[in-house]
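Okay, work16.cif is below, mmCIF, C-alpha atoms:
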data_work
loop_
_atom_site.label_atom_id
_atom_site.label_comp_id
_atom_site.auth_asym_id
_atom_site.auth_seq_id
_atom_site.Cartn_x
_atom_site.Cartn_y
_atom_site.Cartn_z
CA MET A 7 -37.15 0.60 12.72
CA TYR A 8 -35.74 1.98 9.49
CA LYS A 9 -37.15 1.40 6.01
CA ILE A 10 -34.49 0.24 3.56
CA SER A 11 -34.16 3.72 1.99
CA GLU A 12 -33.69 5.35 5.41
CA PHE A 13 -31.25 2.64 6.45
CA ALA A 14 -29.27 3.07 3.23
CA GLU A 15 -29.01 6.79 3.90
CA VAL A 16 -27.78 6.47 7.50
CA THR A 17 -25.29 3.65 6.76
CA GLY A 18 -23.95 4.79 3.40
CA LEU A 19 -24.82 1.43 1.84
CA SER A 20 -26.97 1.49 -1.27
CA LYS A 21 -30.37 -0.21 -1.33
CA GLU A 22 -28.95 -2.60 -3.93
CA THR A 23 -26.05 -3.49 -1.64
CA LEU A 24 -28.46 -4.06 1.26
CA ARG A 25 -30.59 -6.35 -0.91
CA TYR A 26 -27.48 -8.25 -2.01
CA TYR A 27 -26.23 -8.55 1.59
CA ALA A 28 -29.63 -9.98 2.55
CA GLU A 29 -29.51 -12.40 -0.40
CA VAL A 30 -26.12 -13.80 0.68
CA LYS A 31 -27.23 -13.79 4.34
CA LEU A 32 -24.64 -11.19 5.29
CA LEU A 33 -27.04 -8.60 6.71
CA GLU A 34 -30.70 -9.55 6.77
CA PRO A 35 -33.48 -7.13 7.62
CA ALA A 36 -34.82 -7.33 11.17
CA TYR A 37 -38.33 -7.55 9.74
CA ILE A 38 -39.96 -7.96 6.32
CA ASP A 39 -43.59 -6.94 6.10
CA PRO A 40 -45.46 -10.00 4.77
CA VAL A 41 -48.00 -7.84 2.92
CA ASN A 42 -45.92 -5.27 1.07
CA LYS A 43 -42.48 -6.97 1.41
CA TYR A 44 -40.90 -3.75 2.77
CA ARG A 45 -37.63 -4.42 4.56
CA TYR A 46 -37.02 -2.90 7.97
CA TYR A 47 -33.78 -2.63 9.89
CA ASP A 48 -33.22 -1.97 13.59
CA ASP A 49 -30.43 -0.53 15.72
CA GLY A 50 -28.67 -3.91 15.91
CA SER A 51 -28.67 -3.99 12.12
CA TYR A 52 -27.10 -0.53 12.15
CA PHE A 53 -24.11 -1.74 14.21
CA LEU A 54 -23.58 -4.67 11.84
CA ALA A 55 -23.94 -2.46 8.76
CA ILE A 56 -21.31 -0.04 10.04
CA LEU A 57 -18.99 -2.98 10.73
CA LEU A 58 -19.53 -4.20 7.16
CA VAL A 59 -18.80 -0.74 5.77
CA LYS A 60 -15.51 -0.72 7.68
CA LEU A 61 -14.58 -4.26 6.60
CA LYS A 62 -15.38 -3.44 2.98
CA GLY A 63 -13.21 -0.34 3.27
CA PHE A 64 -10.37 -2.50 4.58
CA GLY A 65 -10.63 -4.67 1.46
CA PHE A 66 -12.45 -7.67 2.94
CA THR A 67 -14.11 -9.93 0.39
CA ILE A 68 -17.75 -10.95 0.71
CA GLN A 69 -16.60 -14.40 1.86
CA GLU A 70 -14.38 -12.86 4.54
CA MET A 71 -17.22 -10.63 5.73
CA ILE A 72 -19.56 -13.63 5.89
CA ALA A 73 -16.98 -15.48 8.01
CA VAL A 74 -16.85 -12.52 10.40
CA MET A 75 -20.64 -12.34 10.66
CA GLU A 76 -21.02 -16.09 11.17
CA ASP A 77 -18.65 -15.86 14.14
CA GLU A 78 -21.14 -13.97 16.27
CA SER A 79 -18.67 -13.63 19.12
CA PHE A 80 -16.27 -11.80 16.78
CA ALA A 81 -13.51 -13.82 18.46
CA ASN A 82 -11.51 -14.10 15.25
CA LEU A 83 -12.09 -10.53 14.09
CA GLU A 84 -8.84 -9.20 15.55
CA LYS A 85 -6.90 -12.05 13.91
CA LEU A 86 -8.52 -11.34 10.53
CA LEU A 87 -7.83 -7.60 10.90
CA GLN A 88 -4.18 -8.31 11.72
CA GLN A 89 -3.91 -10.55 8.63
CA LYS A 90 -5.51 -7.86 6.46
CA ARG A 91 -3.10 -5.29 7.94
CA MET A 92 -0.13 -7.52 7.08
CA ASN A 93 -1.42 -7.99 3.51
CA ILE A 94 -1.84 -4.24 3.07
CA SER A 95 1.69 -3.65 4.39
CA LEU A 96 3.05 -6.14 1.86
CA GLN A 97 1.13 -4.42 -0.94
CA ILE A 98 2.59 -1.08 0.13
CA GLU A 99 6.11 -2.55 0.11
CA ASN A 100 5.56 -4.03 -3.35
CA LEU A 101 4.18 -0.77 -4.72
CA THR A 102 7.03 1.20 -3.16
CA THR A 103 9.54 -1.13 -4.84
CA LYS A 104 7.76 -0.68 -8.18
CA LEU A 105 7.86 3.11 -7.75
CA GLU A 106 11.59 3.00 -7.02
CA GLU A 107 12.19 0.80 -10.05
CA LEU A 108 10.13 3.10 -12.23
CA ASP A 109 12.03 6.17 -10.98
CA GLU A 110 15.35 4.42 -11.69
CA PHE A 111 14.16 3.50 -15.18
CA LEU A 112 13.10 7.09 -15.88
CA GLU A 113 16.39 8.40 -14.56
CA SER A 114 18.41 6.01 -16.72
CA GLY A 115 16.47 7.22 -19.76
CA ARG A 116 17.32 10.83 -18.91
CA GLU A 117 21.00 9.96 -18.51
CA ASN A 118 21.07 8.33 -21.96
CA GLU A 119 19.59 11.50 -23.53
CA GLN A 120 22.54 13.60 -22.36
#
Please go through the file and, once you have read it, give me the structure as structure tokens.
Amino acid sequence: MYKISEFAEVTGLSKETLRYYAEVKLLEPAYIDPVNKYRYYDDGSYFLAILLVKLKGFGFTIQEMIAVMEDESFANLEKLLQQKRMNISLQIENLTTKLEELDEFLESGRENEQ
């Protein structure tokens, strides 16, 4: 079992994030000491925390992460990841178009100076 500070260190999640995740029922401690209220996490919690770190890195919202965690079979995870991938691809296309438009605008300004 890991105390919250140890668990934060090994997962890269802050203690505040872990407390928030517990509050929204996203990642609850495996055990809370009834006397001192210390939170403890186990190896199963570690797997879930690493999954949450990845999902957060992929731009998943809290609501999307909760949906993944509620589906304990992770049956829909691949579908959600494919959707997120498609959204990221569209964002890249949109940003690439904006870059091209910006370059054209800069170039037209240079041509007018000559």
Provide an axis-aligned box for all listed atoms of segment 26-42 of chain A, padding each side by 3 Å; report its centre and its edge lengths in Å to one decimal, as AutoDock Vina command-line options.
--center_x -36.3 --center_y -9.5 --center_z 4.6 --size_x 29.4 --size_y 14.5 --size_z 19.2
### Task
Identify, on the basis of only C-alpha atoms, every residue whose closest approach to segment 76-90 of chain A does not exceed 8 Å; exclude the query and any residue fewer than 6 positions from it along the same chain; express the result as a count of residues only.
3
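Taking atom CA of Leu61 of chain A and atom CA of Arg45 of chain A as the two end points, the separation is 23.1 Å.
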### Query
Taking the file as shown, what set of residues would the PyMOL selection byres ((chain A and resi 37) around 9) give back, as a PyMOL selection string?
chain A and resi 7+34-36+38-39+44-48
### Message
Report as JSON, numbers by chain all protein, DNA and RNA residues lying within 9 Å of segment 54-57 of chain A, evaluated on all atoms listed in the file, omitting residues in the same chain fewer than 5 positions from it.
### Response
{"A": [17, 18, 19, 24, 33, 49, 62, 75]}
Can I get the selected residues back with C-alpha atoms, as a PDB file, in the coordinates of the input?
ATOM      1  CA  THR A  17     -25.290   3.650   6.760  1.00  0.00           C
ATOM      2  CA  GLY A  18     -23.950   4.790   3.400  1.00  0.00           C
ATOM      3  CA  LEU A  19     -24.820   1.430   1.840  1.00  0.00           C
ATOM      4  CA  LEU A  24     -28.460  -4.060   1.260  1.00  0.00           C
ATOM      5  CA  LEU A  33     -27.040  -8.600   6.710  1.00  0.00           C
ATOM      6  CA  ASP A  49     -30.430  -0.530  15.720  1.00  0.00           C
ATOM      7  CA  LYS A  62     -15.380  -3.440   2.980  1.00  0.00           C
ATOM      8  CA  MET A  75     -20.640 -12.340  10.660  1.00  0.00           C
TER       9      MET A  75
END
#### Entry: Atomic distance atom CA of Tyr27 of chain A - atom CA of Val74 of chain A, expressed in Å with one decimal
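Atom-to-atom, atom CA of Tyr27 of chain A and atom CA of Val74 of chain A are spaced 13.5 Å apart.
For the atom pair formed by atom CA of Asn93 of chain A and atom CA of Ile72 of chain A, the distance is 19.1 Å, given to one decimal.
Across A:Ile94, A:Glu110, A:Lys9, A:Val41, the tightest approach to Lys21 of chain A is made by A:Lys9 when counting all atoms listed in the file.
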